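For reference, model.json is printed below; it contains JSON, C-alpha atoms and all ligand atoms.
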[["chain", "number", "residue", "atom", "x", "y", "z"],
["A", 1, "MET", "CA", 215.77, -161.05, -128.28],
["A", 2, "ALA", "CA", 218.82, -161.23, -126.04],
["A", 3, "ALA", "CA", 218.93, -164.29, -123.80],
["A", 4, "GLU", "CA", 218.48, -163.40, -120.14],
["A", 5, "LEU", "CA", 220.20, -166.43, -118.59],
["A", 6, "LEU", "CA", 223.76, -166.90, -119.75],
["A", 7, "VAL", "CA", 225.89, -169.70, -118.33],
["A", 8, "THR", "CA", 229.66, -169.41, -118.80],
["A", 9, "PHE", "CA", 232.31, -171.98, -117.90],
["A", 10, "TRP", "CA", 235.42, -170.22, -116.54],
["A", 11, "GLY", "CA", 237.10, -173.30, -115.08],
["A", 12, "THR", "CA", 236.17, -176.92, -115.82],
["A", 13, "ARG", "CA", 239.08, -178.90, -114.37],
["A", 14, "GLY", "CA", 239.01, -180.78, -111.09],
["A", 15, "SER", "CA", 241.67, -181.22, -108.42],
["A", 16, "ILE", "CA", 244.46, -179.01, -109.77],
["A", 17, "ALA", "CA", 244.91, -176.42, -112.52],
["A", 18, "THR", "CA", 246.25, -178.14, -115.61],
["A", 19, "PRO", "CA", 247.46, -175.60, -118.17],
["A", 20, "GLY", "CA", 249.27, -176.63, -121.33],
["A", 21, "ARG", "CA", 248.76, -177.51, -124.94],
["A", 22, "SER", "CA", 247.11, -180.85, -124.25],
["A", 23, "THR", "CA", 244.28, -179.22, -122.26],
["A", 24, "GLU", "CA", 243.69, -176.00, -124.18],
["A", 25, "LYS", "CA", 240.39, -177.11, -125.73],
["A", 26, "TYR", "CA", 238.52, -178.15, -122.55],
["A", 27, "GLY", "CA", 240.58, -175.87, -120.32],
["A", 28, "GLY", "CA", 243.04, -176.07, -117.45],
["A", 29, "ASN", "CA", 241.48, -173.73, -114.88],
["A", 30, "THR", "CA", 239.73, -175.25, -111.87],
["A", 31, "SER", "CA", 236.02, -175.01, -111.08],
["A", 32, "SER", "CA", 234.13, -171.79, -111.68],
["A", 33, "VAL", "CA", 230.88, -171.15, -113.53],
["A", 34, "SER", "CA", 228.81, -167.98, -113.80],
["A", 35, "ILE", "CA", 225.12, -167.49, -114.48],
["A", 36, "LYS", "CA", 224.38, -163.98, -115.66],
["A", 37, "SER", "CA", 220.71, -163.46, -114.95],
["A", 38, "HIS", "CA", 219.17, -160.20, -116.12],
["A", 39, "GLY", "CA", 222.49, -158.43, -115.55],
["A", 40, "LYS", "CA", 223.28, -159.96, -112.13],
["A", 41, "TYR", "CA", 226.18, -162.38, -111.67],
["A", 42, "PHE", "CA", 225.70, -165.61, -109.75],
["A", 43, "ILE", "CA", 229.05, -167.40, -109.47],
["A", 44, "PHE", "CA", 229.51, -171.03, -108.53],
["A", 45, "ASP", "CA", 232.91, -171.85, -107.03],
["A", 46, "ALA", "CA", 236.10, -169.84, -106.96],
["A", 47, "GLY", "CA", 238.69, -172.15, -108.50],
["A", 48, "THR", "CA", 241.37, -170.58, -110.68],
["A", 49, "GLY", "CA", 238.71, -169.94, -113.37],
["A", 50, "ILE", "CA", 237.25, -167.11, -111.30],
["A", 51, "ARG", "CA", 240.32, -164.96, -112.08],
["A", 52, "PRO", "CA", 239.41, -164.33, -115.76],
["A", 53, "LEU", "CA", 235.75, -163.89, -114.73],
["A", 54, "GLY", "CA", 236.95, -161.10, -112.41],
["A", 55, "VAL", "CA", 238.74, -159.43, -115.31],
["A", 56, "GLU", "CA", 235.53, -159.61, -117.37],
["A", 57, "ILE", "CA", 233.41, -158.15, -114.56],
["A", 58, "MET", "CA", 235.88, -155.27, -114.04],
["A", 59, "GLY", "CA", 235.70, -154.51, -117.75],
["A", 60, "GLU", "CA", 231.90, -154.41, -117.67],
["A", 61, "ALA", "CA", 231.88, -152.33, -114.49],
["A", 62, "ALA", "CA", 234.07, -149.72, -116.17],
["A", 63, "ILE", "CA", 231.43, -149.30, -118.90],
["A", 64, "GLN", "CA", 228.30, -149.46, -116.71],
["A", 65, "LYS", "CA", 229.44, -147.07, -114.02],
["A", 66, "ASP", "CA", 226.16, -146.46, -112.24],
["A", 67, "LYS", "CA", 224.97, -150.10, -112.12],
["A", 68, "GLN", "CA", 224.79, -151.83, -108.77],
["A", 69, "LYS", "CA", 228.05, -153.74, -108.29],
["A", 70, "GLU", "CA", 226.83, -156.64, -106.25],
["A", 71, "LEU", "CA", 228.05, -160.19, -106.81],
["A", 72, "PHE", "CA", 226.80, -163.51, -105.42],
["A", 73, "LEU", "CA", 229.34, -166.31, -104.96],
["A", 74, "PHE", "CA", 228.24, -169.82, -104.00],
["A", 75, "LEU", "CA", 230.94, -172.27, -102.86],
["A", 76, "SER", "CA", 230.27, -175.99, -103.16],
["A", 77, "HIS", "CA", 232.97, -176.65, -100.55],
["A", 78, "THR", "CA", 236.40, -175.37, -99.65],
["A", 79, "HIS", "CA", 238.79, -177.86, -101.26],
["A", 80, "TRP", "CA", 241.61, -175.98, -103.02],
["A", 81, "ASP", "CA", 240.27, -176.40, -106.53],
["A", 82, "HIS", "CA", 237.10, -174.52, -105.51],
["A", 83, "ILE", "CA", 238.58, -171.55, -103.61],
["A", 84, "GLN", "CA", 242.11, -170.95, -104.88],
["A", 85, "GLY", "CA", 241.13, -168.28, -107.40],
["A", 86, "LEU", "CA", 239.44, -166.04, -104.82],
["A", 87, "PRO", "CA", 242.63, -164.15, -103.82],
["A", 88, "PHE", "CA", 243.05, -163.28, -107.53],
["A", 89, "PHE", "CA", 239.46, -162.12, -108.12],
["A", 90, "GLN", "CA", 239.81, -158.43, -108.93],
["A", 91, "PRO", "CA", 236.34, -157.25, -107.82],
["A", 92, "ALA", "CA", 237.20, -158.46, -104.29],
["A", 93, "TYR", "CA", 239.83, -155.67, -104.15],
["A", 94, "ASP", "CA", 237.51, -152.91, -105.39],
["A", 95, "PRO", "CA", 235.60, -150.85, -102.77],
["A", 96, "SER", "CA", 232.75, -150.26, -105.21],
["A", 97, "PHE", "CA", 231.81, -153.97, -105.12],
["A", 98, "ARG", "CA", 229.81, -155.90, -102.60],
["A", 99, "LEU", "CA", 230.60, -159.62, -102.55],
["A", 100, "ASN", "CA", 228.07, -161.97, -100.96],
["A", 101, "ILE", "CA", 229.69, -165.35, -100.31],
["A", 102, "TYR", "CA", 227.60, -168.44, -99.53],
["A", 103, "GLY", "CA", 228.70, -171.90, -98.40],
["A", 104, "THR", "CA", 228.71, -174.23, -95.43],
["A", 105, "SER", "CA", 230.86, -174.45, -92.38],
["A", 106, "ASN", "CA", 233.16, -177.41, -92.34],
["A", 107, "LYS", "CA", 233.24, -179.19, -88.99],
["A", 108, "ASP", "CA", 234.40, -176.53, -86.49],
["A", 109, "ALA", "CA", 235.54, -173.84, -88.90],
["A", 110, "MET", "CA", 233.12, -171.24, -90.22],
["A", 111, "LEU", "CA", 233.31, -170.48, -93.93],
["A", 112, "GLU", "CA", 234.93, -167.09, -93.32],
["A", 113, "ASN", "CA", 237.71, -168.60, -91.19],
["A", 114, "ILE", "CA", 238.63, -171.09, -93.91],
["A", 115, "LEU", "CA", 238.89, -168.31, -96.50],
["A", 116, "VAL", "CA", 240.90, -166.19, -94.05],
["A", 117, "GLY", "CA", 243.20, -169.19, -93.51],
["A", 118, "GLN", "CA", 243.91, -169.54, -97.21],
["A", 119, "MET", "CA", 245.21, -165.94, -97.18],
["A", 120, "ASP", "CA", 247.39, -166.31, -94.08],
["A", 121, "SER", "CA", 250.84, -164.80, -94.69],
["A", 122, "SER", "CA", 252.34, -168.31, -94.92],
["A", 123, "TYR", "CA", 250.42, -168.78, -98.16],
["A", 124, "PHE", "CA", 249.61, -165.33, -99.58],
["A", 125, "PRO", "CA", 250.89, -161.76, -99.17],
["A", 126, "VAL", "CA", 247.52, -159.99, -98.77],
["A", 127, "LYS", "CA", 245.10, -160.71, -95.94],
["A", 128, "LEU", "CA", 241.41, -161.28, -96.67],
["A", 129, "SER", "CA", 240.58, -158.41, -94.31],
["A", 130, "ALA", "CA", 242.72, -156.07, -96.43],
["A", 131, "LEU", "CA", 240.57, -156.58, -99.55],
["A", 132, "GLY", "CA", 238.69, -153.42, -100.44],
["A", 133, "SER", "CA", 235.25, -154.78, -101.34],
["A", 134, "GLU", "CA", 232.46, -155.12, -98.85],
["A", 135, "MET", "CA", 232.18, -158.84, -98.12],
["A", 136, "GLU", "CA", 229.44, -160.77, -96.44],
["A", 137, "PHE", "CA", 229.78, -164.43, -95.45],
["A", 138, "ASN", "CA", 226.69, -166.61, -95.25],
["A", 139, "ASP", "CA", 226.91, -170.03, -93.61],
["A", 140, "LEU", "CA", 224.04, -171.98, -95.14],
["A", 141, "GLN", "CA", 221.76, -174.69, -93.77],
["A", 142, "LEU", "CA", 220.45, -177.35, -96.17],
["A", 143, "SER", "CA", 216.89, -176.15, -95.71],
["A", 144, "ASP", "CA", 217.75, -172.58, -96.80],
["A", 145, "THR", "CA", 216.25, -171.00, -99.89],
["A", 146, "ILE", "CA", 218.00, -167.92, -101.18],
["A", 147, "GLU", "CA", 215.91, -165.44, -103.13],
["A", 148, "ILE", "CA", 217.62, -162.56, -104.87],
["A", 149, "ALA", "CA", 215.30, -160.45, -107.02],
["A", 150, "ASP", "CA", 213.42, -163.12, -109.06],
["A", 151, "ASN", "CA", 216.23, -165.67, -108.83],
["A", 152, "LYS", "CA", 215.83, -168.58, -106.45],
["A", 153, "ILE", "CA", 218.57, -170.90, -105.19],
["A", 154, "THR", "CA", 217.98, -174.13, -103.26],
["A", 155, "LEU", "CA", 220.49, -176.64, -101.91],
["A", 156, "GLN", "CA", 221.20, -180.35, -101.88],
["A", 157, "GLU", "CA", 223.83, -182.23, -99.91],
["A", 158, "LEU", "CA", 226.32, -184.25, -102.00],
["A", 159, "ASP", "CA", 228.48, -187.25, -101.10],
["A", 160, "HIS", "CA", 232.11, -186.11, -100.96],
["A", 161, "PRO", "CA", 234.89, -186.42, -98.36],
["A", 162, "GLY", "CA", 234.43, -183.38, -96.09],
["A", 163, "GLY", "CA", 231.07, -182.60, -97.76],
["A", 164, "SER", "CA", 229.96, -180.65, -100.80],
["A", 165, "LEU", "CA", 226.83, -178.65, -101.62],
["A", 166, "SER", "CA", 224.87, -178.50, -104.84],
["A", 167, "TYR", "CA", 222.98, -175.38, -105.87],
["A", 168, "LYS", "CA", 219.85, -175.28, -107.99],
["A", 169, "PHE", "CA", 219.25, -171.96, -109.69],
["A", 170, "GLU", "CA", 215.70, -171.19, -110.87],
["A", 171, "ARG", "CA", 214.30, -168.27, -112.77],
["A", 172, "ASP", "CA", 211.22, -167.91, -114.99],
["A", 173, "GLY", "CA", 210.62, -171.67, -115.01],
["A", 174, "LYS", "CA", 214.22, -172.51, -115.99],
["A", 175, "LYS", "CA", 216.29, -174.81, -113.76],
["A", 176, "ILE", "CA", 220.07, -175.01, -113.74],
["A", 177, "VAL", "CA", 221.76, -177.40, -111.29],
["A", 178, "TYR", "CA", 225.42, -177.06, -110.30],
["A", 179, "ALA", "CA", 226.50, -180.33, -108.65],
["A", 180, "THR", "CA", 230.19, -181.02, -108.46],
["A", 181, "ASP", "CA", 232.35, -183.16, -106.22],
["A", 182, "HIS", "CA", 229.83, -185.91, -105.74],
["A", 183, "GLU", "CA", 230.26, -189.68, -105.64],
["A", 184, "LEU", "CA", 226.99, -190.69, -107.26],
["A", 185, "ASP", "CA", 228.26, -194.27, -107.57],
["A", 186, "PHE", "CA", 227.67, -194.80, -103.84],
["A", 187, "HIS", "CA", 223.96, -194.24, -104.47],
["A", 188, "PHE", "CA", 223.33, -195.44, -108.04],
["A", 189, "THR", "CA", 224.56, -198.20, -110.32],
["A", 190, "GLN", "CA", 226.27, -197.24, -113.55],
["A", 191, "ASP", "CA", 222.89, -197.88, -115.23],
["A", 192, "GLY", "CA", 221.40, -195.15, -113.06],
["A", 193, "GLU", "CA", 219.41, -197.48, -110.75],
["A", 194, "LEU", "CA", 219.09, -196.55, -107.08],
["A", 195, "LYS", "CA", 221.28, -198.62, -104.75],
["A", 196, "ASN", "CA", 220.27, -199.85, -101.28],
["A", 197, "ASP", "CA", 217.21, -197.61, -101.17],
["A", 198, "SER", "CA", 219.58, -194.66, -100.64],
["A", 199, "GLU", "CA", 217.80, -191.67, -99.12],
["A", 200, "LEU", "CA", 220.41, -189.22, -100.44],
["A", 201, "GLY", "CA", 220.04, -190.83, -103.87],
["A", 202, "LYS", "CA", 216.27, -190.33, -103.85],
["A", 203, "GLN", "CA", 216.61, -186.72, -102.75],
["A", 204, "TYR", "CA", 219.19, -186.04, -105.43],
["A", 205, "GLN", "CA", 217.13, -187.60, -108.19],
["A", 206, "ALA", "CA", 214.08, -185.50, -107.27],
["A", 207, "TYR", "CA", 216.28, -182.42, -107.07],
["A", 208, "ILE", "CA", 217.72, -182.76, -110.61],
["A", 209, "GLN", "CA", 214.42, -183.93, -112.18],
["A", 210, "ASP", "CA", 213.60, -182.05, -115.41],
["A", 211, "ALA", "CA", 216.57, -179.67, -115.09],
["A", 212, "ASP", "CA", 217.22, -177.58, -118.20],
["A", 213, "LEU", "CA", 220.95, -177.84, -117.53],
["A", 214, "LEU", "CA", 222.80, -180.11, -115.11],
["A", 215, "ILE", "CA", 226.47, -179.23, -114.60],
["A", 216, "ALA", "CA", 227.83, -182.26, -112.78],
["A", 217, "ASP", "CA", 230.89, -184.17, -111.68],
["A", 218, "GLY", "CA", 231.85, -186.81, -114.24],
["A", 219, "GLN", "CA", 235.55, -187.04, -113.46],
["A", 220, "TYR", "CA", 236.18, -190.72, -114.07],
["A", 221, "THR", "CA", 235.72, -193.37, -116.69],
["A", 222, "SER", "CA", 234.23, -196.65, -115.40],
["A", 223, "GLU", "CA", 237.71, -198.19, -115.31],
["A", 224, "GLU", "CA", 239.21, -195.27, -113.39],
["A", 225, "TYR", "CA", 236.37, -195.32, -110.91],
["A", 226, "GLU", "CA", 237.14, -198.91, -109.98],
["A", 227, "VAL", "CA", 240.50, -197.83, -108.50],
["A", 228, "LYS", "CA", 239.31, -194.46, -107.13],
["A", 229, "LYS", "CA", 236.30, -195.49, -105.06],
["A", 230, "GLY", "CA", 235.83, -193.22, -102.07],
["A", 231, "TRP", "CA", 237.68, -190.28, -103.64],
["A", 232, "GLY", "CA", 234.40, -188.37, -103.96],
["A", 233, "HIS", "CA", 233.80, -188.31, -107.72],
["A", 234, "THR", "CA", 231.49, -189.93, -110.23],
["A", 235, "ALA", "CA", 231.91, -192.30, -113.17],
["A", 236, "VAL", "CA", 230.55, -190.88, -116.45],
["A", 237, "PRO", "CA", 227.94, -193.62, -117.17],
["A", 238, "THR", "CA", 226.41, -193.24, -113.69],
["A", 239, "LEU", "CA", 225.98, -189.52, -114.23],
["A", 240, "LEU", "CA", 224.56, -189.82, -117.73],
["A", 241, "ASN", "CA", 222.17, -192.72, -117.10],
["A", 242, "LEU", "CA", 220.77, -191.10, -113.97],
["A", 243, "ALA", "CA", 220.34, -187.77, -115.78],
["A", 244, "GLN", "CA", 218.52, -189.56, -118.61],
["A", 245, "LYS", "CA", 216.16, -191.28, -116.19],
["A", 246, "SER", "CA", 215.56, -187.94, -114.45],
["A", 247, "ARG", "CA", 214.57, -186.32, -117.77],
["A", 248, "VAL", "CA", 217.35, -183.76, -117.61],
["A", 249, "LYS", "CA", 217.42, -181.79, -120.89],
["A", 250, "GLN", "CA", 221.10, -180.98, -121.09],
["A", 251, "VAL", "CA", 224.15, -182.29, -119.19],
["A", 252, "ALA", "CA", 227.55, -180.67, -118.93],
["A", 253, "VAL", "CA", 230.07, -183.26, -117.77],
["A", 254, "TYR", "CA", 232.32, -181.25, -115.45],
["A", 255, "HIS", "CA", 235.34, -181.39, -113.09],
["A", 256, "HIS", "CA", 237.63, -183.04, -115.62],
["A", 257, "ASP", "CA", 240.42, -185.23, -114.32],
["A", 258, "PRO", "CA", 243.85, -183.52, -114.57],
["A", 259, "MET", "CA", 245.12, -186.58, -116.49],
["A", 260, "HIS", "CA", 242.46, -186.25, -119.21],
["A", 261, "THR", "CA", 243.89, -184.56, -122.30],
["A", 262, "ASP", "CA", 241.77, -182.92, -125.00],
["A", 263, "SER", "CA", 242.12, -185.92, -127.29],
["A", 264, "PHE", "CA", 241.16, -188.31, -124.49],
["A", 265, "ILE", "CA", 238.03, -186.25, -123.69],
["A", 266, "ASP", "CA", 237.18, -186.06, -127.41],
["A", 267, "GLN", "CA", 237.23, -189.87, -127.61],
["A", 268, "LEU", "CA", 235.33, -190.33, -124.38],
["A", 269, "SER", "CA", 232.63, -187.84, -125.37],
["A", 270, "ALA", "CA", 232.28, -189.34, -128.87],
["A", 271, "SER", "CA", 231.67, -192.79, -127.43],
["A", 272, "TYR", "CA", 228.95, -191.55, -125.03],
["A", 273, "LEU", "CA", 227.29, -189.28, -127.60],
["A", 274, "LYS", "CA", 226.91, -192.37, -129.75],
["A", 275, "LYS", "CA", 225.47, -194.44, -126.90],
["A", 276, "PHE", "CA", 222.89, -191.79, -126.09],
["A", 277, "GLN", "CA", 222.04, -190.63, -129.61],
["A", 278, "ASP", "CA", 218.77, -192.55, -129.95],
["A", 279, "THR", "CA", 217.58, -192.45, -126.36],
["A", 280, "GLU", "CA", 214.18, -191.04, -125.47],
["A", 281, "PRO", "CA", 213.59, -188.45, -124.14],
["A", 282, "ARG", "CA", 216.38, -186.72, -125.98],
["A", 283, "MET", "CA", 219.17, -185.37, -123.77],
["A", 284, "ASP", "CA", 221.99, -183.13, -124.97],
["A", 285, "ILE", "CA", 225.38, -184.11, -123.58],
["A", 286, "PHE", "CA", 228.65, -182.21, -123.73],
["A", 287, "TRP", "CA", 231.92, -182.07, -121.83],
["A", 288, "ALA", "CA", 232.22, -178.56, -120.33],
["A", 289, "ARG", "CA", 234.68, -176.36, -122.14],
["A", 290, "GLU", "CA", 236.39, -173.35, -120.58],
["A", 291, "GLY", "CA", 235.18, -170.14, -122.24],
["A", 292, "LEU", "CA", 231.89, -171.63, -123.48],
["A", 293, "THR", "CA", 228.76, -169.55, -122.92],
["A", 294, "LEU", "CA", 225.27, -171.07, -123.24],
["A", 295, "ALA", "CA", 221.92, -169.29, -123.32],
["A", 296, "ILE", "CA", 219.32, -171.19, -121.29],
["B", 1, "ZN", "ZN", 236.99, -180.53, -106.75],
["B", 2, "ZN", "ZN", 236.43, -181.69, -103.40]]
Starting from the coordinates I provided, produce the structure as structure tokens.
Amino acid sequence: MAAELLVTFWGTRGSIATPGRSTEKYGGNTSSVSIKSHGKYFIFDAGTGIRPLGVEIMGEAAIQKDKQKELFLFLSHTHWDHIQGLPFFQPAYDPSFRLNIYGTSNKDAMLENILVGQMDSSYFPVKLSALGSEMEFNDLQLSDTIEIADNKITLQELDHPGGSLSYKFERDGKKIVYATDHELDFHFTQDGELKNDSELGKQYQAYIQDADLLIADGQYTSEEYEVKKGWGHTAVPTLLNLAQKSRVKQVAVYHHDPMHTDSFIDQLSASYLKKFQDTEPRMDIFWAREGLTLAI
């Protein structure tokens, strides 16, 4: 039987696109992940990885002419590495598509204004308003629940300079959490113990509890974290130990540092796979790889 929930990593890199031979295994495109649920696309972030996803969707649309061409895009926040691919997303130019964009306002600027700003003529030749698709912008509140057909999405605030939002996708009892750009180390020790009775930490732990797949920021090694405190990202052991305590079934370490080459990530992942190989309950761990599709 064909799997109904397919998760694909289109961009796994954090901060800046990092193409080249030393990153071809884990990928150089910035953040973008899709969940294809019973034929509908739910897209998380619009980093440069959303460009090849757009090409894929256009190819499918050409075959399935009469299907509803509606897409749902959820933005964690509007730092460059999470929105820069949007002006290159082909369905946004096609009048037969409807693009529903979700995110939060940042201080005074509404989500739409930030995306308009990125396409100002100083930066890009085509204005957002000139794109052919029908677009709808949804400024979310933390308490919102989004229900689209039988798919449910809930939100959790993350700790990141300027803010970031996590999305939990649920369908037929399966839970997938997308949680990037988050400094978990402010709320948990590297052993995954709650710090200072942190309220955000408690909320986050309950939110990821028992997830089938957690796609989460694990940008730094412990050593790197020591010199990058306050930059808004998490050290790998903090992520993995907390996930283990929260009985997460599978973790995709995500938002790779631009300085991390394929061989560096191979070594890092091998050392953690070894550390976690005999832990109970069993948790699958992998470093997200661009182009990988998983059935959940
Ligand atoms: Zn980022
Ligand atoms: Zn960010």
Might you pull out every residue within 10 Å of Gln118 of chain A, with all atoms listed in the file counted and same-chain residues fewer than 5 positions away left off, and present them as an mmCIF file with C-alpha atoms, keeping the file's coordinate frame?
data_model
loop_
_atom_site.group_PDB
_atom_site.id
_atom_site.type_symbol
_atom_site.label_atom_id
_atom_site.label_comp_id
_atom_site.auth_asym_id
_atom_site.auth_seq_id
_atom_site.Cartn_x
_atom_site.Cartn_y
_atom_site.Cartn_z
ATOM 1 C CA THR A 78 236.400 -175.370 -99.650
ATOM 2 C CA TRP A 80 241.610 -175.980 -103.020
ATOM 3 C CA ILE A 83 238.580 -171.550 -103.610
ATOM 4 C CA GLN A 84 242.110 -170.950 -104.880
ATOM 5 C CA LEU A 86 239.440 -166.040 -104.820
ATOM 6 C CA PRO A 87 242.630 -164.150 -103.820
ATOM 7 C CA ASN A 113 237.710 -168.600 -91.190
ATOM 8 C CA TYR A 123 250.420 -168.780 -98.160
ATOM 9 C CA PHE A 124 249.610 -165.330 -99.580
ATOM 10 C CA LYS A 127 245.100 -160.710 -95.940
ATOM 11 C CA LEU A 128 241.410 -161.280 -96.670
#
* Pick from A:Met259, A:Leu158, A:Leu53, A:Ala288, whichever lies nearest to Glu199 of chain A using only C-alpha atoms -> A:Leu158
* Write out as an NGL selection string each polymer residue (protein, DNA or RNA) that has an atom no more than 12 Å from ligand ZN 2 (chain B), with only C-alpha atoms and all ligand atoms counted. => :A and (13-16 or 30-31 or 45 or 47 or 75-83 or 158-165 or 179-183 or 217 or 219 or 230-234 or 255)
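Minimum atom-to-atom distance to ligand ZN 1 (chain B), evaluated using all atoms listed in the file, belongs to A:Ala216 out of A:Ile208, A:Ala243, A:Ala216, A:Ile35.
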* Write out as JSON, numbers by chain which residues come within 12 Å of Gln205 of chain A when counting all atoms listed in the file, dropping same-chain ones fewer than 3 positions away. => {"A": [156, 157, 158, 177, 179, 184, 187, 188, 192, 193, 194, 198, 199, 200, 201, 202, 208, 209, 210, 211, 214, 239, 241, 242, 243, 244, 245, 246, 247, 248]}
* To do: Rank nothing, just name the residue among A:Thr221, A:Gln277, A:Gln190, A:Ser166 nearest to Tyr207 of chain A, using only C-alpha atoms.
  =>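 Using only C-alpha atoms, the shortest distance to Tyr207 of chain A belongs to A:Ser166.
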* To do: Please indicate the distance in Å from atom CA of Gly291 of chain A to atom CA of Phe137 of chain A, rounded to one decimal place.
  =>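 Interatomic distance, atom CA of Gly291 of chain A to atom CA of Phe137 of chain A: 27.9 Å.
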* **Nearest candidate to ligand ZN 1 (chain B) (options A:Gly54, A:Pro125, A:Gly11, A:Gly173; using only C-alpha atoms and all ligand atoms)** => A:Gly11
* Could you please determine the separation between atom CA of Tyr93 of chain A and atom CA of Phe44 of chain A in Å, to one decimal place? =>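 About the pair atom CA of Tyr93 of chain A and atom CA of Phe44 of chain A: they are 19.0 Å apart.
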* Shortest interatomic distance to Arg51 of chain A - which of A:Leu71, A:Glu24, A:Phe88, A:Leu292, counting only C-alpha atoms ->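 Checking each candidate against Arg51 of chain A, we get A:Phe88 as the closest.
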* Spatial neighbours of Leu294 of chain A, max dist 10 Å, all atoms listed in the file, sep filter under 5 positions, as a PyMOL selection string -> chain A and resi 3+5-9+35+213
* Nearest to ligand ZN 1 (chain B): which of A:Asn100, A:Gln203, A:Ser105, A:Ser32 is it, counting only C-alpha atoms and all ligand atoms? ->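 Using only C-alpha atoms and all ligand atoms, ligand ZN 1 (chain B) sits closest to A:Ser32.
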* How far is it from atom CA of Lys168 of chain A to atom CA of Thr154 of chain A, in Å with one decimal? -> 5.2 Å
* Asked: Which polymer residues have any atom within 10 Å of an atom of Asp266 of chain A, counting all atoms listed in the file, with same-chain residues fewer than 6 positions away left out, as an NGL selection string?
  -> :A and (25-26 or 260 or 287)
